Amino acid sequence: MPPAWGRALQHPHRAGLALLVLLPLLAELGRTQAITAVASAWIWPPSGLAHVYLWVYGRRYWPYLAAGFGLSLLGVQLSHPLQYLLIPALGCLAPWVAVWGMGTLADQRRRSVAQTLLGLLLWGLLAATALRSGLNGLALLMMDMAPPHLWDQRLPAWAVSSAMGVLLFAVPAMGSLLLQRPAQEGRAQRLAAWLAAAGILGLEHLRLGLWPWGEGAAGLLGMLMLTALYAWRFGGTRGSWLVMGIALLIGGHGVAPLRGLSFEQALGPALTLCAYVAALGLTNLGMLLLQTHWAARLDLLAQALRGAGAVAWSLHLGTGRSWIARHWTQVSGRAQRPQSLDELARWVPAEDREALLRSRERRAAGEAGVACEFRLPDDAGRERWLREAGEVVQRDAQGQPLRLAGVLQDVSAARAAAEALRASEAAYRTLSSVVPVGIFRTDAQGRSRFVNTEYTQLLGITAEQALGDAWVQRLHPDEREAVQAAWAHSVAQGSAFRREYRFLRADGEWLWVLVQAQPETGLQGGVSGFIGSVTDISQQKAQQALIWQQAHFDALTGLPNRRLLNDRLQQELRHAERNGHRLALLYLDLDLFKEINDTLGHSAGDRLLQLAAERIRSALRAGDTCARLGGDEFTVLLAPLEQPEQAETVAQKLLDLLRQPFELERERVFVGASIGITLFPDDGREAGDLMKHADQAMYQAKALGRNRFCYFTATLQQQAQRHLALTQDLREALPRRELQLHYQPVVRLVNAQVVKLEALLRWPHPQHGQVPPQEFVPLAEQSGLIHPLGDWVFERATRDMIELSQRLGRLLPVNINKSPRQFLAGQTELRWPRWLEGLGLPAEAVTIEITEGLLLDDRPEVVARIHALAQAGFRLSLDDFGTGYSAMAYLKRFPIREIKIDRSFVRDMTVDLADRAIVEAIVVMAHRLGLEVVAEGVETEAQAALLRAVGCDYAQGWLFGRPQALAELEAHWAQAERGLPDEAPWPVSRR
């Protein structure tokens, strides 16, 4: 829309004020065109202006029309006062109804230009003619101002004048608003339009001078053709204004001679002039609609060509004239447009020009589908590639090509993309030939379209065999269904494909491969195929299998380890829960394995474990599980279990097998087993609970003498809970000062004199009462508390000896028990001597009691610590002699000063000759080795007499005194008949 029109449409009130001026002027112009006093004006311009105003601004601005029509009556003498009201009202009503039917300019986006102009023709003409003529006549009749016999004169005149006003004044105004002037129109073209219009008006002026009332059909047709050609050449809008100018020229030149005639005399010439002007207007309106239609089509074509980056061209072979479309710059990047195709060819570089000219010759010869691409520098100096294509669009009477047409298109981006694609394809093929993985390309169905050399080498086939091959047929049967489903999912979703599976080589070998592929999108948007890689992962799979084997199986025996046992136990528990059946868990520990391992060495121990694992496996069903938990501990899972007695049967079978001798190189050894049995769901429903309960039952079997099996019971659970609670309380026992030391006298048998004391640890628990040492000492060893407890016992006992010696005036030695666990960690051989030095107490006053089992431990650090204590001056005593491996070599190897005969031999020696013989043999052997002998657990005089008779040196037991606190012991001595020896074997320190 022209800028002036756009600014005017933004101010309807300003336009309304202008309307108040224009309507009276146009009304006066219409009155000057009156033909007779009866028929009124033959053209009424205010009706056209009223239609345009309401069409632009809307019907609500009708008051401006009414005011304008009222002002147009100023100076006009009317016969009746009501006419001053009726004429403005009727002048507003006709355009109001027309705009109501055809819509406003605001509704234009919902209508085309043609629909709007046709609506104006329909509604404007009908409303203007019918309403104005009919209502005017009716109003005059009601006012008794127009006799009915004059209606046949005035009604047609009013109808024609209103219609002519709409046709001649509304059409050009609305056309100017709807159709914009071409942006490329130059000053020369505008000047040509004005000169052509002036020439046509001059010819019309001459014609009216010759034939004033429309006479001369040839002149009328000639003027009709001129106006149509003008509208076609310079636009329908200018044609409308030209028709309006012709109408005004007719009104001023051709109507004047008719004013003095009567109605009957002037009717014929007037109708001829109206018909002539109406024909001009309708012809121009038709041209305007046709031009609108073709402009829309051409605009769509131009937009399409611009969108495709193309410009149209044409060539007439007869005349040699050619044409190139105006948006040439957008395609070529050159501001100057060539005037012909020949000029364009001269701009093309010489190396491309010959090919371009040959293509044009082939096209001129009638060959179809000919195109040529050539280079053309743009204004910035960049080289562009253009593509010229076309074909014959017109032939002469002999069928020879007459006119060519086609397009010029910028294909620089397409050629760059094609070149990049070719380079990418070359790089892809080069890369695929050197990468150490198989590369493939398939269609959506999986048929190979491209494979590289590595692919064929992996599968052992040729490239020809691979192309078109359906790789699905080479999948392992166990994985084919899952891989096909994954492939179909990737095709349906357009997602990446990644899978590990086995592939069949041409030689029949199964190959583990990793296949990764990305989808390729086809022209229709779906997946057209995949491009991906194939990697040989056979070695990785083997390594993974080895890692899995090592993570889930025991390396020594090949049995499942604890992790795999837990997995299988969890699975069997879920299965048993669903199906309501039982299962049994057996916890097995080899008896005496540690002794054999320490005696014969670790290689013999490993071989023993392997043979034991084989025997255990041989006693189980195929579905049962045997696992090694570590050391000499095994677990057997029996599932499903039909009857609980089955677990007992298997346990007894295992005991029988493991009792049999094992051949270890040159040694034959005997072991047994302790087995704990727990049942699901009787003893627990969780894997952790079952493992714990089976372990507790196994320890119970060991406590009952080994080489047997025990079922888990509630008592075992209570015992385990008690041990846990005691262990926790034991950690706080030292800080809370709950632990105590009691002392038991050791006497010389020949005179029953006290020669030393043995320190014994006691724990009076606040809730459980006196806890036996055989219960809490193992707990201390298992929890690691034995080290601080042992140090506390040593320090407290030595302090007590110092205090006692100060009260007695002589030093009384003390025996202190040391756990084997204390020899495995800590540095007591360094701390204890320093402690005694600080107290001023000689190390010879302290005897360290050790067990036979410690002497069997041949680890260097243990042996070194034993010798270090002896070298520091401590006396070493071998406790509970005769209950373990009493090998004479150990007595010779270690610096033992004293042995203590276990109470089990002393107890029955008065009634059992074998026990008496053993005691006598121990005493004789010890004396021959230079060792002193202490008998433990002496409770009767008969026992004491026999011990004296065999030559035993010392004794201790309830016969000579129970273990008591130091204060209680001193009080007992004060009341007893026996006293302390007159001379102590060591002097007392006075520090």
# chains A, B, ... in the order shown; residues from 1 in each chain; ligands from 1
>>> residues_around(residues="A:His723", least_positions_apart="6", cutoff="12 Å", atoms="only C-alpha atoms", output="list in words")
Gln696, Leu716, Gln717, Asp729, Leu730, His768, Val771, Glu775, Phe776, Val777, Pro778, Leu779, Ala780, Gln782 and Ser783 of chain A
>>> residues_around(residues="A:Gly930", least_positions_apart="4", cutoff="10 Å", atoms="only C-alpha atoms", output="list in words")
Ile896, Arg897, Glu898, Val924, Met925 and Ala926 of chain A
>>> select_by_dssp(residues="stretch 723-765 of chain A", states="strand (DSSP E)", output="PyMOL selection string")
chain A and resi 740-748+753-765
>>> write_last_selection(atoms="C-alpha atoms", output="mmCIF file, in the first residue's frame")
data_model
loop_
_atom_site.group_PDB
_atom_site.id
_atom_site.type_symbol
_atom_site.label_atom_id
_atom_site.label_comp_id
_atom_site.auth_asym_id
_atom_site.auth_seq_id
_atom_site.Cartn_x
_atom_site.Cartn_y
_atom_site.Cartn_z
ATOM 1 C CA GLN A 740 40.603 -58.605 89.144
ATOM 2 C CA LEU A 741 43.653 -60.760 89.790
ATOM 3 C CA HIS A 742 43.477 -63.766 92.095
ATOM 4 C CA TYR A 743 46.530 -65.650 93.210
ATOM 5 C CA GLN A 744 47.002 -69.409 93.889
ATOM 6 C CA PRO A 745 49.994 -70.657 95.908
ATOM 7 C CA VAL A 746 52.550 -73.019 94.457
ATOM 8 C CA VAL A 747 54.146 -75.150 97.251
ATOM 9 C CA ARG A 748 57.249 -77.313 97.560
ATOM 10 C CA GLN A 753 56.032 -74.404 101.919
ATOM 11 C CA VAL A 754 54.723 -71.640 99.533
ATOM 12 C CA VAL A 755 57.451 -70.788 97.035
ATOM 13 C CA LYS A 756 55.547 -68.645 94.534
ATOM 14 C CA LEU A 757 52.103 -67.572 93.331
ATOM 15 C CA GLU A 758 50.271 -67.940 90.002
ATOM 16 C CA ALA A 759 48.316 -64.871 88.891
ATOM 17 C CA LEU A 760 44.854 -65.809 87.568
ATOM 18 C CA LEU A 761 42.499 -63.290 85.860
ATOM 19 C CA ARG A 762 38.929 -63.052 87.122
ATOM 20 C CA TRP A 763 35.935 -61.037 85.846
ATOM 21 C CA PRO A 764 33.010 -60.423 88.204
ATOM 22 C CA HIS A 765 30.493 -59.126 85.660
#
>>> atom_distance(atom1="atom CA of A:Thr535", atom2="atom CA of A:Gly438")
6.3 Å
>>> residues_around(residues="A:Val331", least_positions_apart="4", cutoff="8 Å", atoms="only C-alpha atoms", output="list in words")
Gly309, Ala310, Val311, His327, Leu408, Gln409 and Asp410 of chain A
>>> residues_around(residues="A:Leu514", least_positions_apart="5", cutoff="6 Å", atoms="only C-alpha atoms", output="list in words")
Arg499, Glu500, Val534 and Thr535 of chain A
>>> residues_around(residues="A:Gly605", least_positions_apart="6", cutoff="8 Å", atoms="only C-alpha atoms", output="list in words")
Phe593, Ile596 and Asn597 of chain A
>>> residues_around(residues="stretch 835-852 of chain A", least_positions_apart="6", cutoff="6 Å", atoms="only C-alpha atoms", output="list in words")
Pro813, Val814, Asn815, Ile816, Asn817, Lys818, Gly873, Phe874, Arg875, Leu876, Ser877, Leu878 and Asp879 of chain A
>>> select_by_dssp(residues="stretch 494-609 of chain A", states="helix (DSSP H, G or I)", output="PyMOL selection string")
chain A and resi 538-552+562-579+593-600+602-609
>>> decode(residues="stretch 492-509 of chain A", atoms="N, CA, C and O atoms", output="PDB file, in the first residue's frame")
ATOM      1  N   ALA A 492      12.901 -49.309  14.289  1.00  0.00           N
ATOM      2  CA  ALA A 492      11.625 -48.636  14.585  1.00  0.00           C
ATOM      3  C   ALA A 492      11.834 -47.298  15.274  1.00  0.00           C
ATOM      4  O   ALA A 492      11.131 -46.326  14.988  1.00  0.00           O
ATOM      5  N   GLN A 493      12.806 -47.225  16.195  1.00  0.00           N
ATOM      6  CA  GLN A 493      13.017 -46.005  16.963  1.00  0.00           C
ATOM      7  C   GLN A 493      14.047 -45.077  16.348  1.00  0.00           C
ATOM      8  O   GLN A 493      14.212 -43.948  16.808  1.00  0.00           O
ATOM      9  N   GLY A 494      14.788 -45.560  15.338  1.00  0.00           N
ATOM     10  CA  GLY A 494      15.854 -44.743  14.776  1.00  0.00           C
ATOM     11  C   GLY A 494      16.986 -44.518  15.751  1.00  0.00           C
ATOM     12  O   GLY A 494      17.628 -43.476  15.744  1.00  0.00           O
ATOM     13  N   SER A 495      17.243 -45.518  16.600  1.00  0.00           N
ATOM     14  CA  SER A 495      18.258 -45.390  17.639  1.00  0.00           C
ATOM     15  C   SER A 495      19.481 -46.218  17.287  1.00  0.00           C
ATOM     16  O   SER A 495      19.461 -47.041  16.369  1.00  0.00           O
ATOM     17  N   ALA A 496      20.552 -45.977  18.044  1.00  0.00           N
ATOM     18  CA  ALA A 496      21.807 -46.689  17.800  1.00  0.00           C
ATOM     19  C   ALA A 496      21.654 -48.157  18.186  1.00  0.00           C
ATOM     20  O   ALA A 496      20.864 -48.522  19.068  1.00  0.00           O
ATOM     21  N   PHE A 497      22.443 -48.994  17.519  1.00  0.00           N
ATOM     22  CA  PHE A 497      22.451 -50.434  17.787  1.00  0.00           C
ATOM     23  C   PHE A 497      23.804 -50.789  18.376  1.00  0.00           C
ATOM     24  O   PHE A 497      24.852 -50.420  17.842  1.00  0.00           O
ATOM     25  N   ARG A 498      23.789 -51.500  19.506  1.00  0.00           N
ATOM     26  CA  ARG A 498      25.029 -51.944  20.144  1.00  0.00           C
ATOM     27  C   ARG A 498      24.764 -53.283  20.806  1.00  0.00           C
ATOM     28  O   ARG A 498      23.861 -53.406  21.644  1.00  0.00           O
ATOM     29  N   ARG A 499      25.545 -54.260  20.430  1.00  0.00           N
ATOM     30  CA  ARG A 499      25.286 -55.611  20.925  1.00  0.00           C
ATOM     31  C   ARG A 499      26.564 -56.452  20.875  1.00  0.00           C
ATOM     32  O   ARG A 499      27.392 -56.271  19.977  1.00  0.00           O
ATOM     33  N   GLU A 500      26.716 -57.340  21.824  1.00  0.00           N
ATOM     34  CA  GLU A 500      27.787 -58.327  21.820  1.00  0.00           C
ATOM     35  C   GLU A 500      27.167 -59.694  21.582  1.00  0.00           C
ATOM     36  O   GLU A 500      26.215 -60.073  22.267  1.00  0.00           O
ATOM     37  N   TYR A 501      27.723 -60.415  20.608  1.00  0.00           N
ATOM     38  CA  TYR A 501      27.185 -61.748  20.323  1.00  0.00           C
ATOM     39  C   TYR A 501      28.243 -62.547  19.569  1.00  0.00           C
ATOM     40  O   TYR A 501      29.290 -62.037  19.178  1.00  0.00           O
ATOM     41  N   ARG A 502      27.897 -63.808  19.365  1.00  0.00           N
ATOM     42  CA  ARG A 502      28.808 -64.699  18.654  1.00  0.00           C
ATOM     43  C   ARG A 502      28.430 -64.761  17.180  1.00  0.00           C
ATOM     44  O   ARG A 502      27.246 -64.857  16.844  1.00  0.00           O
ATOM     45  N   PHE A 503      29.471 -64.734  16.347  1.00  0.00           N
ATOM     46  CA  PHE A 503      29.324 -64.687  14.899  1.00  0.00           C
ATOM     47  C   PHE A 503      29.992 -65.922  14.304  1.00  0.00           C
ATOM     48  O   PHE A 503      31.086 -66.323  14.728  1.00  0.00           O
ATOM     49  N   LEU A 504      29.357 -66.521  13.333  1.00  0.00           N
ATOM     50  CA  LEU A 504      29.889 -67.734  12.713  1.00  0.00           C
ATOM     51  C   LEU A 504      30.831 -67.367  11.570  1.00  0.00           C
ATOM     52  O   LEU A 504      30.439 -66.723  10.590  1.00  0.00           O
ATOM     53  N   ARG A 505      32.084 -67.779  11.698  1.00  0.00           N
ATOM     54  CA  ARG A 505      33.054 -67.579  10.625  1.00  0.00           C
ATOM     55  C   ARG A 505      32.841 -68.605   9.523  1.00  0.00           C
ATOM     56  O   ARG A 505      32.138 -69.605   9.695  1.00  0.00           O
ATOM     57  N   ALA A 506      33.466 -68.348   8.395  1.00  0.00           N
ATOM     58  CA  ALA A 506      33.323 -69.272   7.271  1.00  0.00           C
ATOM     59  C   ALA A 506      33.920 -70.631   7.589  1.00  0.00           C
ATOM     60  O   ALA A 506      33.481 -71.655   7.043  1.00  0.00           O
ATOM     61  N   ASP A 507      34.932 -70.682   8.498  1.00  0.00           N
ATOM     62  CA  ASP A 507      35.546 -71.956   8.848  1.00  0.00           C
ATOM     63  C   ASP A 507      34.805 -72.693   9.941  1.00  0.00           C
ATOM     64  O   ASP A 507      35.277 -73.715  10.447  1.00  0.00           O
ATOM     65  N   GLY A 508      33.629 -72.170  10.357  1.00  0.00           N
ATOM     66  CA  GLY A 508      32.818 -72.846  11.362  1.00  0.00           C
ATOM     67  C   GLY A 508      33.126 -72.455  12.788  1.00  0.00           C
ATOM     68  O   GLY A 508      32.476 -72.947  13.717  1.00  0.00           O
ATOM     69  N   GLU A 509      34.078 -71.576  12.998  1.00  0.00           N
ATOM     70  CA  GLU A 509      34.445 -71.142  14.344  1.00  0.00           C
ATOM     71  C   GLU A 509      33.527 -70.009  14.795  1.00  0.00           C
ATOM     72  O   GLU A 509      33.194 -69.112  14.017  1.00  0.00           O
TER      73      GLU A 509
END
